[in-house]
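Asks: Input file: data_23.pdb. Contents: PDB, C-alpha atoms, pLDDT in the B column.
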```
ATOM      1  CA  MET B 200     -18.306 -89.756 -25.818  1.00 83.00           C
ATOM      2  CA  ILE B 201     -16.954 -89.103 -22.321  1.00 92.00           C
ATOM      3  CA  ARG B 202     -13.319 -89.421 -23.426  1.00 95.00           C
ATOM      4  CA  PHE B 203     -13.949 -87.123 -26.399  1.00 93.00           C
ATOM      5  CA  ILE B 204     -15.571 -84.427 -24.239  1.00 94.00           C
ATOM      6  CA  LEU B 205     -12.844 -84.744 -21.600  1.00 95.00           C
ATOM      7  CA  SER B 206     -10.076 -84.455 -24.203  1.00 95.00           C
ATOM      8  CA  LEU B 207     -11.768 -81.464 -25.829  1.00 93.00           C
ATOM      9  CA  LEU B 208     -12.110 -79.703 -22.485  1.00 95.00           C
ATOM     10  CA  ILE B 209      -8.497 -80.394 -21.550  1.00 95.00           C
ATOM     11  CA  ALA B 210      -7.237 -78.990 -24.863  1.00 92.00           C
ATOM     12  CA  ALA B 211      -9.487 -75.922 -24.672  1.00 91.00           C
ATOM     13  CA  VAL B 212      -8.566 -75.120 -21.062  1.00 94.00           C
ATOM     14  CA  TYR B 213      -4.880 -75.549 -21.842  1.00 92.00           C
ATOM     15  CA  LEU B 214      -4.968 -73.215 -24.855  1.00 89.00           C
ATOM     16  CA  ILE B 215      -6.895 -70.535 -22.952  1.00 91.00           C
ATOM     17  CA  THR B 216      -4.950 -70.667 -19.675  1.00 92.00           C
ATOM     18  CA  THR B 217      -1.576 -70.615 -21.408  1.00 90.00           C
ATOM     19  CA  LEU B 218      -2.288 -67.422 -23.366  1.00 88.00           C
ATOM     20  CA  PRO B 219      -0.084 -65.366 -21.002  1.00 91.00           C
ATOM     21  CA  VAL B 220       2.645 -67.982 -21.394  1.00 89.00           C
ATOM     22  CA  LEU B 221       2.660 -67.445 -25.157  1.00 86.00           C
ATOM     23  CA  PHE B 222       3.377 -63.776 -24.587  1.00 88.00           C
ATOM     24  CA  PHE B 223       6.307 -64.543 -22.280  1.00 89.00           C
ATOM     25  CA  LEU B 224       7.647 -67.125 -24.709  1.00 88.00           C
ATOM     26  CA  TRP B 225       7.491 -64.497 -27.439  1.00 86.00           C
ATOM     27  CA  LEU B 226       9.494 -62.092 -25.271  1.00 90.00           C
ATOM     28  CA  ILE B 227      12.049 -64.765 -24.358  1.00 88.00           C
ATOM     29  CA  GLY B 228      12.390 -65.750 -27.996  1.00 85.00           C
ATOM     30  CA  LYS B 229      13.474 -62.218 -28.921  1.00 88.00           C
ATOM     31  CA  ALA B 230      16.737 -62.678 -27.028  1.00 89.00           C
ATOM     32  CA  ARG B 231      17.059 -66.419 -26.469  1.00 90.00           C
ATOM     33  CA  PRO B 232      15.148 -68.487 -29.039  1.00 86.00           C
ATOM     34  CA  SER B 233      16.766 -71.724 -27.857  1.00 85.00           C
ATOM     35  CA  VAL B 234      15.368 -71.195 -24.346  1.00 89.00           C
ATOM     36  CA  ARG B 235      11.924 -70.497 -25.830  1.00 87.00           C
ATOM     37  CA  ASP B 236      12.116 -73.690 -27.891  1.00 87.00           C
ATOM     38  CA  ARG B 237      13.027 -75.829 -24.878  1.00 89.00           C
ATOM     39  CA  ALA B 238      10.299 -74.332 -22.711  1.00 91.00           C
ATOM     40  CA  ALA B 239       7.642 -74.730 -25.401  1.00 90.00           C
ATOM     41  CA  ARG B 240       8.768 -78.301 -26.058  1.00 92.00           C
ATOM     42  CA  ALA B 241       8.498 -79.242 -22.381  1.00 94.00           C
ATOM     43  CA  MET B 242       5.003 -77.772 -22.109  1.00 94.00           C
ATOM     44  CA  ILE B 243       3.732 -79.439 -25.283  1.00 94.00           C
ATOM     45  CA  ARG B 244       5.169 -82.800 -24.245  1.00 95.00           C
ATOM     46  CA  TRP B 245       3.339 -82.467 -20.926  1.00 96.00           C
ATOM     47  CA  ILE B 246      -0.083 -81.662 -22.415  1.00 96.00           C
ATOM     48  CA  PHE B 247       0.324 -84.390 -25.040  1.00 96.00           C
ATOM     49  CA  ARG B 248       0.958 -86.929 -22.259  1.00 97.00           C
ATOM     50  CA  VAL B 249      -2.175 -85.707 -20.480  1.00 98.00           C
ATOM     51  CA  LEU B 250      -4.262 -86.084 -23.656  1.00 97.00           C
ATOM     52  CA  ILE B 251      -2.878 -89.568 -24.329  1.00 98.00           C
ATOM     53  CA  ALA B 252      -3.772 -90.609 -20.776  1.00 97.00           C
ATOM     54  CA  ALA B 253      -7.246 -89.050 -21.060  1.00 97.00           C
ATOM     55  CA  ALA B 254      -7.854 -91.078 -24.205  1.00 97.00           C
ATOM     56  CA  GLY B 255      -6.844 -94.284 -22.439  1.00 97.00           C
ATOM     57  CA  VAL B 256      -4.109 -95.065 -24.934  1.00 98.00           C
ATOM     58  CA  LYS B 257      -1.575 -97.742 -24.009  1.00 97.00           C
ATOM     59  CA  VAL B 258       1.627 -97.427 -26.045  1.00 98.00           C
ATOM     60  CA  THR B 259       4.123-100.247 -26.530  1.00 98.00           C
ATOM     61  CA  VAL B 260       7.457 -98.871 -27.756  1.00 98.00           C
ATOM     62  CA  ILE B 261       9.962-101.028 -29.620  1.00 98.00           C
ATOM     63  CA  GLY B 262      13.476-100.117 -30.732  1.00 97.00           C
ATOM     64  CA  GLU B 263      13.761 -96.713 -29.080  1.00 96.00           C
ATOM     65  CA  ASP B 264      17.416 -97.461 -28.389  1.00 96.00           C
ATOM     66  CA  ARG B 265      18.014 -97.511 -32.154  1.00 97.00           C
ATOM     67  CA  VAL B 266      17.514 -93.741 -32.428  1.00 97.00           C
ATOM     68  CA  PRO B 267      20.894 -91.936 -32.636  1.00 96.00           C
ATOM     69  CA  LEU B 268      21.296 -89.476 -29.757  1.00 94.00           C
ATOM     70  CA  ASP B 269      24.329 -87.617 -31.080  1.00 93.00           C
ATOM     71  CA  THR B 270      22.748 -86.157 -34.208  1.00 96.00           C
ATOM     72  CA  ALA B 271      19.522 -84.812 -35.640  1.00 97.00           C
ATOM     73  CA  VAL B 272      17.494 -87.359 -37.600  1.00 97.00           C
ATOM     74  CA  LEU B 273      14.693 -87.377 -40.144  1.00 98.00           C
ATOM     75  CA  TYR B 274      11.855 -89.452 -38.695  1.00 98.00           C
ATOM     76  CA  THR B 275       9.450 -90.917 -41.271  1.00 98.00           C
ATOM     77  CA  GLY B 276       6.170 -92.443 -40.124  1.00 97.00           C
ATOM     78  CA  ASN B 277       2.940 -93.841 -41.487  1.00 97.00           C
ATOM     79  CA  HIS B 278      -0.096 -91.716 -40.687  1.00 95.00           C
ATOM     80  CA  ARG B 279      -3.560 -92.911 -39.619  1.00 94.00           C
ATOM     81  CA  SER B 280      -4.513 -90.588 -36.771  1.00 95.00           C
ATOM     82  CA  ILE B 281      -3.906 -87.186 -35.203  1.00 93.00           C
ATOM     83  CA  TYR B 282      -2.724 -89.198 -32.194  1.00 96.00           C
ATOM     84  CA  ASP B 283       0.303 -90.240 -34.263  1.00 96.00           C
ATOM     85  CA  ILE B 284       1.699 -86.780 -33.573  1.00 94.00           C
ATOM     86  CA  LEU B 285       0.989 -86.875 -29.845  1.00 96.00           C
ATOM     87  CA  ILE B 286       2.375 -90.382 -29.378  1.00 97.00           C
ATOM     88  CA  THR B 287       5.590 -89.797 -31.317  1.00 97.00           C
ATOM     89  CA  TYR B 288       6.308 -86.271 -30.070  1.00 96.00           C
ATOM     90  CA  VAL B 289       6.521 -87.282 -26.423  1.00 96.00           C
ATOM     91  CA  ARG B 290       9.168 -89.876 -27.338  1.00 94.00           C
ATOM     92  CA  CYS B 291      11.538 -87.628 -29.331  1.00 93.00           C
ATOM     93  CA  PRO B 292      14.810 -87.357 -27.384  1.00 90.00           C
ATOM     94  CA  ARG B 293      15.692 -83.890 -28.753  1.00 88.00           C
ATOM     95  CA  ILE B 294      14.018 -80.836 -30.299  1.00 90.00           C
ATOM     96  CA  CYS B 295      11.948 -82.038 -33.222  1.00 94.00           C
ATOM     97  CA  GLY B 296       9.752 -80.167 -35.685  1.00 93.00           C
ATOM     98  CA  TYR B 297       6.886 -81.749 -37.621  1.00 94.00           C
ATOM     99  CA  VAL B 298       5.904 -81.151 -41.225  1.00 90.00           C
ATOM    100  CA  ALA B 299       2.199 -80.279 -41.296  1.00 81.00           C
ATOM    101  CA  LYS B 300      -0.276 -79.131 -43.917  1.00 77.00           C
ATOM    102  CA  LYS B 301      -0.729 -75.391 -44.347  1.00 73.00           C
ATOM    103  CA  GLU B 302      -4.334 -75.416 -43.114  1.00 68.00           C
ATOM    104  CA  LEU B 303      -3.197 -76.269 -39.571  1.00 63.00           C
ATOM    105  CA  GLY B 304      -1.072 -73.140 -39.531  1.00 59.00           C
ATOM    106  CA  GLY B 305      -4.229 -71.045 -39.705  1.00 61.00           C
ATOM    107  CA  ILE B 306      -5.768 -72.336 -36.464  1.00 68.00           C
ATOM    108  CA  PRO B 307      -5.579 -69.612 -33.770  1.00 69.00           C
ATOM    109  CA  LEU B 308      -3.365 -70.385 -30.737  1.00 70.00           C
ATOM    110  CA  PHE B 309      -2.501 -73.843 -32.099  1.00 73.00           C
ATOM    111  CA  SER B 310      -0.469 -72.253 -34.876  1.00 76.00           C
ATOM    112  CA  LEU B 311       1.568 -70.221 -32.378  1.00 78.00           C
ATOM    113  CA  TRP B 312       2.448 -73.278 -30.316  1.00 83.00           C
ATOM    114  CA  ALA B 313       3.248 -75.178 -33.520  1.00 82.00           C
ATOM    115  CA  ARG B 314       5.713 -72.536 -34.633  1.00 82.00           C
ATOM    116  CA  TYR B 315       7.346 -72.407 -31.211  1.00 82.00           C
ATOM    117  CA  ILE B 316       8.045 -76.139 -31.450  1.00 85.00           C
ATOM    118  CA  ASN B 317       9.557 -75.759 -34.936  1.00 87.00           C
ATOM    119  CA  CYS B 318       6.717 -77.096 -37.076  1.00 89.00           C
ATOM    120  CA  LEU B 319       7.013 -76.598 -40.826  1.00 89.00           C
ATOM    121  CA  PHE B 320       3.863 -75.918 -42.848  1.00 84.00           C
ATOM    122  CA  PHE B 321       3.500 -76.805 -46.505  1.00 79.00           C
ATOM    123  CA  ASP B 322       0.987 -76.196 -49.271  1.00 74.00           C
ATOM    124  CA  ARG B 323       0.460 -79.371 -51.268  1.00 70.00           C
ATOM    125  CA  GLU B 324      -0.814 -77.332 -54.222  1.00 72.00           C
ATOM    126  CA  ASN B 325       2.149 -74.934 -54.356  1.00 74.00           C
ATOM    127  CA  LEU B 326       5.396 -76.428 -55.637  1.00 72.00           C
ATOM    128  CA  LYS B 327       7.405 -73.306 -54.790  1.00 77.00           C
ATOM    129  CA  GLU B 328       6.192 -73.335 -51.188  1.00 75.00           C
ATOM    130  CA  GLY B 329       6.955 -77.044 -50.992  1.00 77.00           C
ATOM    131  CA  MET B 330      10.552 -76.447 -52.030  1.00 85.00           C
ATOM    132  CA  LYS B 331      10.828 -73.633 -49.495  1.00 86.00           C
ATOM    133  CA  MET B 332       9.626 -75.986 -46.748  1.00 88.00           C
ATOM    134  CA  ILE B 333      12.212 -78.609 -47.736  1.00 90.00           C
ATOM    135  CA  LEU B 334      15.006 -76.003 -47.602  1.00 92.00           C
ATOM    136  CA  GLU B 335      13.828 -74.925 -44.141  1.00 93.00           C
ATOM    137  CA  GLY B 336      13.867 -78.561 -43.037  1.00 94.00           C
ATOM    138  CA  ILE B 337      17.413 -79.000 -44.321  1.00 94.00           C
ATOM    139  CA  GLU B 338      18.534 -75.976 -42.301  1.00 95.00           C
ATOM    140  CA  MET B 339      16.817 -77.304 -39.179  1.00 95.00           C
ATOM    141  CA  LEU B 340      18.574 -80.644 -39.513  1.00 96.00           C
ATOM    142  CA  LYS B 341      21.934 -78.951 -40.020  1.00 95.00           C
ATOM    143  CA  GLU B 342      21.266 -76.931 -36.852  1.00 94.00           C
ATOM    144  CA  GLY B 343      20.831 -80.167 -34.893  1.00 94.00           C
ATOM    145  CA  LYS B 344      17.015 -80.189 -34.750  1.00 94.00           C
ATOM    146  CA  SER B 345      15.259 -83.355 -35.860  1.00 96.00           C
ATOM    147  CA  VAL B 346      12.334 -83.329 -38.294  1.00 97.00           C
ATOM    148  CA  PHE B 347       9.367 -85.719 -38.411  1.00 97.00           C
ATOM    149  CA  ILE B 348       7.516 -86.237 -41.687  1.00 96.00           C
ATOM    150  CA  PHE B 349       4.623 -88.421 -42.813  1.00 95.00           C
ATOM    151  CA  PRO B 350       5.732 -89.269 -46.374  1.00 95.00           C
ATOM    152  CA  GLU B 351       2.302 -90.558 -47.416  1.00 94.00           C
ATOM    153  CA  GLY B 352       1.443 -86.872 -47.710  1.00 87.00           C
ATOM    154  CA  THR B 353      -1.953 -87.191 -46.033  1.00 86.00           C
ATOM    155  CA  ARG B 354      -3.704 -89.311 -43.467  1.00 88.00           C
ATOM    156  CA  ASN B 355      -4.338 -92.844 -44.701  1.00 88.00           C
ATOM    157  CA  LYS B 356      -8.079 -93.480 -44.298  1.00 88.00           C
ATOM    158  CA  SER B 357      -8.145 -97.173 -45.221  1.00 86.00           C
ATOM    159  CA  ASP B 358      -9.580 -99.767 -42.834  1.00 84.00           C
ATOM    160  CA  SER B 359      -6.226-101.431 -42.222  1.00 89.00           C
ATOM    161  CA  ASP B 360      -2.720-100.275 -41.346  1.00 93.00           C
ATOM    162  CA  LEU B 361      -1.548-101.915 -44.569  1.00 94.00           C
ATOM    163  CA  PRO B 362      -0.990-101.187 -47.363  1.00 94.00           C
ATOM    164  CA  LEU B 363       0.503 -97.732 -46.967  1.00 96.00           C
ATOM    165  CA  LEU B 364      -0.030 -94.938 -49.439  1.00 95.00           C
ATOM    166  CA  PRO B 365       3.041 -94.416 -51.659  1.00 95.00           C
ATOM    167  CA  PHE B 366       5.770 -92.446 -49.920  1.00 96.00           C
ATOM    168  CA  HIS B 367       6.546 -89.171 -51.689  1.00 92.00           C
ATOM    169  CA  GLU B 368      10.212 -88.940 -52.603  1.00 91.00           C
ATOM    170  CA  GLY B 369      10.510 -85.144 -52.285  1.00 88.00           C
ATOM    171  CA  SER B 370      10.634 -84.866 -48.503  1.00 85.00           C
ATOM    172  CA  PHE B 371      13.549 -87.293 -48.333  1.00 95.00           C
ATOM    173  CA  ARG B 372      15.712 -84.601 -49.906  1.00 94.00           C
ATOM    174  CA  MET B 373      16.016 -83.191 -46.391  1.00 95.00           C
ATOM    175  CA  ALA B 374      18.020 -86.247 -45.351  1.00 95.00           C
ATOM    176  CA  LEU B 375      19.951 -86.499 -48.606  1.00 94.00           C
ATOM    177  CA  LYS B 376      21.062 -82.860 -48.532  1.00 94.00           C
ATOM    178  CA  SER B 377      21.752 -82.607 -44.797  1.00 95.00           C
ATOM    179  CA  LYS B 378      23.360 -86.084 -44.697  1.00 94.00           C
ATOM    180  CA  CYS B 379      21.426 -86.931 -41.522  1.00 96.00           C
ATOM    181  CA  PRO B 380      20.191 -90.478 -40.808  1.00 97.00           C
ATOM    182  CA  ILE B 381      16.616 -91.510 -41.545  1.00 98.00           C
ATOM    183  CA  VAL B 382      14.741 -93.335 -38.793  1.00 98.00           C
ATOM    184  CA  PRO B 383      11.673 -95.234 -40.099  1.00 98.00           C
ATOM    185  CA  VAL B 384       8.801 -95.200 -37.602  1.00 98.00           C
ATOM    186  CA  ALA B 385       5.975 -97.749 -37.730  1.00 98.00           C
ATOM    187  CA  ILE B 386       2.730 -96.923 -35.915  1.00 98.00           C
ATOM    188  CA  CYS B 387       0.172 -99.701 -35.484  1.00 98.00           C
ATOM    189  CA  ASN B 388      -3.502 -99.326 -34.534  1.00 97.00           C
ATOM    190  CA  SER B 389      -3.613 -95.581 -33.830  1.00 97.00           C
ATOM    191  CA  ILE B 390      -6.809 -95.314 -35.893  1.00 96.00           C
ATOM    192  CA  SER B 391      -8.574 -97.245 -33.126  1.00 96.00           C
ATOM    193  CA  VAL B 392      -8.190 -94.293 -30.765  1.00 97.00           C
ATOM    194  CA  TRP B 393     -10.448 -91.849 -32.607  1.00 94.00           C
ATOM    195  CA  GLU B 394     -10.705 -91.750 -36.390  1.00 93.00           C
ATOM    196  CA  GLY B 395     -11.937 -95.332 -36.669  1.00 92.00           C
ATOM    197  CA  HIS B 396     -15.152 -94.457 -34.806  1.00 92.00           C
ATOM    198  CA  PHE B 397     -15.292 -90.651 -34.987  1.00 91.00           C
ATOM    199  CA  PRO B 398     -16.287 -88.700 -32.919  1.00 91.00           C
ATOM    200  CA  LYS B 399     -15.874 -91.202 -30.073  1.00 94.00           C
ATOM    201  CA  ILE B 400     -12.476 -91.645 -28.441  1.00 96.00           C
ATOM    202  CA  ARG B 401     -11.829 -95.143 -27.129  1.00 96.00           C
ATOM    203  CA  ALA B 402      -9.047 -96.788 -25.193  1.00 96.00           C
ATOM    204  CA  ALA B 403      -6.656 -98.553 -27.553  1.00 97.00           C
ATOM    205  CA  HIS B 404      -3.330-100.327 -27.688  1.00 98.00           C
ATOM    206  CA  VAL B 405      -0.868 -98.645 -30.059  1.00 98.00           C
ATOM    207  CA  ILE B 406       2.481-100.136 -31.023  1.00 98.00           C
ATOM    208  CA  LEU B 407       5.273 -97.732 -31.959  1.00 98.00           C
ATOM    209  CA  GLU B 408       8.496 -99.102 -33.413  1.00 98.00           C
ATOM    210  CA  TYR B 409      11.661 -97.291 -34.433  1.00 98.00           C
ATOM    211  CA  GLY B 410      13.600 -99.000 -37.193  1.00 98.00           C
ATOM    212  CA  GLU B 411      17.335 -99.135 -37.683  1.00 97.00           C
ATOM    213  CA  PRO B 412      18.702 -95.757 -38.813  1.00 98.00           C
ATOM    214  CA  ILE B 413      19.350 -95.493 -42.529  1.00 98.00           C
ATOM    215  CA  TYR B 414      22.493 -93.638 -43.566  1.00 96.00           C
ATOM    216  CA  THR B 415      21.831 -92.576 -47.137  1.00 93.00           C
ATOM    217  CA  GLU B 416      25.473 -92.137 -48.087  1.00 91.00           C
ATOM    218  CA  SER B 417      26.071 -95.850 -47.511  1.00 91.00           C
ATOM    219  CA  LEU B 418      23.261 -96.913 -49.862  1.00 91.00           C
ATOM    220  CA  ASP B 419      23.725 -97.952 -53.471  1.00 92.00           C
ATOM    221  CA  PRO B 420      22.961 -95.104 -55.899  1.00 90.00           C
ATOM    222  CA  GLY B 421      19.959 -96.995 -57.282  1.00 90.00           C
ATOM    223  CA  VAL B 422      18.423 -97.388 -53.820  1.00 91.00           C
ATOM    224  CA  ARG B 423      19.229 -93.789 -52.904  1.00 92.00           C
ATOM    225  CA  LYS B 424      17.395 -92.600 -56.020  1.00 92.00           C
ATOM    226  CA  LYS B 425      14.227 -94.334 -54.785  1.00 94.00           C
ATOM    227  CA  ILE B 426      14.811 -93.804 -51.086  1.00 96.00           C
ATOM    228  CA  GLY B 427      11.086 -93.229 -50.416  1.00 96.00           C
ATOM    229  CA  ALA B 428      10.147 -96.668 -51.695  1.00 96.00           C
ATOM    230  CA  TYR B 429      13.021 -98.207 -49.723  1.00 97.00           C
ATOM    231  CA  VAL B 430      11.917 -96.595 -46.445  1.00 97.00           C
ATOM    232  CA  GLN B 431       8.297 -97.528 -47.134  1.00 97.00           C
ATOM    233  CA  GLU B 432       9.276-101.176 -47.488  1.00 97.00           C
ATOM    234  CA  LYS B 433      11.105-101.084 -44.140  1.00 97.00           C
ATOM    235  CA  THR B 434       8.087 -99.449 -42.490  1.00 98.00           C
ATOM    236  CA  GLU B 435       5.640-101.983 -43.907  1.00 97.00           C
ATOM    237  CA  GLU B 436       7.800-104.847 -42.654  1.00 97.00           C
ATOM    238  CA  MET B 437       7.650-103.477 -39.116  1.00 98.00           C
ATOM    239  CA  ILE B 438       3.900-102.912 -39.278  1.00 98.00           C
ATOM    240  CA  ALA B 439       3.229-106.429 -40.578  1.00 97.00           C
ATOM    241  CA  LYS B 440       5.333-107.879 -37.763  1.00 97.00           C
ATOM    242  CA  ASN B 441       3.730-105.794 -35.038  1.00 97.00           C
ATOM    243  CA  GLN B 442       0.135-106.386 -36.112  1.00 95.00           C
ATOM    244  CA  LYS B 443       0.535-109.850 -34.607  1.00 92.00           C
ATOM    245  CA  LEU B 444       1.162-108.288 -31.191  1.00 91.00           C
ATOM    246  CA  LEU B 445      -2.206-106.516 -30.998  1.00 89.00           C
TER     247      LEU B 445
END
```
Since I need it in another form, could you write the structure as structure tokens?
Replies:
Amino acid sequence: MIRFILSLLIAAVYLITTLPVLFFLWLIGKARPSVRDRAARAMIRWIFRVLIAAAGVKVTVIGEDRVPLDTAVLYTGNHRSIYDILITYVRCPRICGYVAKKELGGIPLFSLWARYINCLFFDRENLKEGMKMILEGIEMLKEGKSVFIFPEGTRNKSDSDLPLLPFHEGSFRMALKSKCPIVPVAICNSISVWEGHFPKIRAAHVILEYGEPIYTESLDPGVRKKIGAYVQEKTEEMIAKNQKLL
């Protein structure tokens, strides 16, 4: 329980002590939103690194050089733990927003930071809101900001990294419409950090692999029509391979 208490204290102290910073970021954002975004991103990356270290998480990264640096990308990852967000966010080479469920947008302080780092919130029960979120994601990608989605739609609570829940096809419209590359992301063993033995946080080895970018325009029409299933297959192949490294 020591790691859990330590992590909780770190997060609470950070949110409270940075209250004045939120005000200044709000002021900066009135005139220079890009400066606000960069400052917020740097601060969130720092606290995420602190929380990962406090949890005792060792991360092995594979294929980071595969991520295109000259364009925004749509990252797609499997989802087992809240630490998936922390681990992947600190590795993103450019501004990147995450797609998160609407309920997270109602958490005080957290929601403000989330908006400052370009998070998109969606309501799984509201089709109209879902379409609005996808359109916002398309605009972000066209502006040069990457987007990270978890196409399973919710956290996978099974005992093993495989099989994955079916990838929802809808979110992939962001890549199809913006013509940005898709980068499949495979995360192995993140459930061992916290959710696998909640509420305890334990040291764990997590493997994070970036797959080869997928350029949708070069795919056959039949594959492009079922792009979610195609990306899921690529992700599962990486996970199956990397499970042997744990």
Asks: Which residue, B:Ile316, B:Ala254, B:Leu311, B:Ile227, has the smallest gap to B:Met200 when you use all atoms listed in the file?
Replies: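 Among B:Ile316, B:Ala254, B:Leu311, B:Ile227, it is B:Ala254 that comes nearest to B:Met200.
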Asks: As a check of understanding, name the residues that the PyMOL selection byres ((chain B and resi 389) around 10) selects in the supplied structure, as a ChimeraX atom specification.
Replies: /B:256,258,278-283,286,360,386-388,390-395,403-407
Asks: Please measure the separation of atom CA of B:Met242 and atom CA of B:Ile261, giving the value in Å to one decimal.
Replies: 24.9 Å
Asks: Please provide the set of residues having any atom within 12 Å of stretch 214-217 of chain B, restricted to only C-alpha atoms, with same-chain residues fewer than 6 positions apart removed, written as a ChimeraX atom specification.
Replies: /B:207-208,223-224,239,242-243,246,306-312
Asks: Would you write out those residues with C-alpha atoms, as a tab-separated table (two decimals), in the coordinates of the input?
Replies:
```tsv
chain	number	residue	atom	x	y	z
B	207	LEU	CA	-11.77	-81.46	-25.83
B	208	LEU	CA	-12.11	-79.70	-22.48
B	223	PHE	CA	6.31	-64.54	-22.28
B	224	LEU	CA	7.65	-67.12	-24.71
B	239	ALA	CA	7.64	-74.73	-25.40
B	242	MET	CA	5.00	-77.77	-22.11
B	243	ILE	CA	3.73	-79.44	-25.28
B	246	ILE	CA	-0.08	-81.66	-22.42
B	306	ILE	CA	-5.77	-72.34	-36.46
B	307	PRO	CA	-5.58	-69.61	-33.77
B	308	LEU	CA	-3.36	-70.39	-30.74
B	309	PHE	CA	-2.50	-73.84	-32.10
B	310	SER	CA	-0.47	-72.25	-34.88
B	311	LEU	CA	1.57	-70.22	-32.38
B	312	TRP	CA	2.45	-73.28	-30.32
```
Asks: For atom CA of B:Lys301 and atom CA of B:Asp322, determine how far apart the two atoms are, in Å to one decimal place.
Replies: 5.3 Å
Asks: Pick out the closest residue to B:Asn441 from this set: B:Val260, B:Ile333, B:Leu326, B:Val422. Count only C-alpha atoms.
Replies: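 Closest to B:Asn441, using only C-alpha atoms: B:Val260.
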Asks: For the provided coordinates, the residues matched by the PyMOL selection byres ((chain B and resi 290-295) around 9) should be stated as a PyMOL selection string.
Replies: chain B and resi 236-237+240+244+263+266+268+271-272+286-289+296-297+316-318+343-347
Asks: How would the residues just chosen look if you wrote them out with C-alpha atoms as a PDB file, in the frame of the given file?
Replies:
```pdb
ATOM      1  CA  ASP B 236      12.116 -73.690 -27.891  1.00 87.00           C
ATOM      2  CA  ARG B 237      13.027 -75.829 -24.878  1.00 89.00           C
ATOM      3  CA  ARG B 240       8.768 -78.301 -26.058  1.00 92.00           C
ATOM      4  CA  ARG B 244       5.169 -82.800 -24.245  1.00 95.00           C
ATOM      5  CA  GLU B 263      13.761 -96.713 -29.080  1.00 96.00           C
ATOM      6  CA  VAL B 266      17.514 -93.741 -32.428  1.00 97.00           C
ATOM      7  CA  LEU B 268      21.296 -89.476 -29.757  1.00 94.00           C
ATOM      8  CA  ALA B 271      19.522 -84.812 -35.640  1.00 97.00           C
ATOM      9  CA  VAL B 272      17.494 -87.359 -37.600  1.00 97.00           C
ATOM     10  CA  ILE B 286       2.375 -90.382 -29.378  1.00 97.00           C
ATOM     11  CA  THR B 287       5.590 -89.797 -31.317  1.00 97.00           C
ATOM     12  CA  TYR B 288       6.308 -86.271 -30.070  1.00 96.00           C
ATOM     13  CA  VAL B 289       6.521 -87.282 -26.423  1.00 96.00           C
ATOM     14  CA  GLY B 296       9.752 -80.167 -35.685  1.00 93.00           C
ATOM     15  CA  TYR B 297       6.886 -81.749 -37.621  1.00 94.00           C
ATOM     16  CA  ILE B 316       8.045 -76.139 -31.450  1.00 85.00           C
ATOM     17  CA  ASN B 317       9.557 -75.759 -34.936  1.00 87.00           C
ATOM     18  CA  CYS B 318       6.717 -77.096 -37.076  1.00 89.00           C
ATOM     19  CA  GLY B 343      20.831 -80.167 -34.893  1.00 94.00           C
ATOM     20  CA  LYS B 344      17.015 -80.189 -34.750  1.00 94.00           C
ATOM     21  CA  SER B 345      15.259 -83.355 -35.860  1.00 96.00           C
ATOM     22  CA  VAL B 346      12.334 -83.329 -38.294  1.00 97.00           C
ATOM     23  CA  PHE B 347       9.367 -85.719 -38.411  1.00 97.00           C
TER      24      PHE B 347
END
```
Asks: Might you spell out which residues the PyMOL selection byres ((chain B and resi 436) around 12) would select in the displayed file, as a PyMOL selection string?
Replies: chain B and resi 360-363+383-387+408-410+429-435+437-443
Asks: Calculated over all atoms listed in the file, which of the candidates B:Lys356, B:Lys376, B:Arg265, B:His367 has the smallest distance to B:Leu334?
Replies: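 Under the stated criterion, the closest residue is B:Lys376.
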Asks: Around stretch 279-287 of chain B, fit a box with edges along x, y and z, padding it by 4 Å on each side, then list its centre and edge lengths in Å to one decimal as lines of an AutoDock Vina configuration file.
Replies:
```
center_x = 0.5
center_y = -89.8
center_z = -34.5
size_x = 18.1
size_y = 14.1
size_z = 18.2
```
Asks: What does the distance from atom CA of B:Leu226 to atom CA of B:Tyr213 come to in Å, to one decimal?
Replies: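 These atoms are spaced 20.0 Å apart.
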Asks: My list of candidates is B:Leu273, B:Ile284, B:Met373, B:Ala299. Which is closest to B:Ile251 when distances are computed with all atoms listed in the file?
Replies: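 Ranking B:Leu273, B:Ile284, B:Met373, B:Ala299 by distance to B:Ile251, first place goes to B:Ile284.
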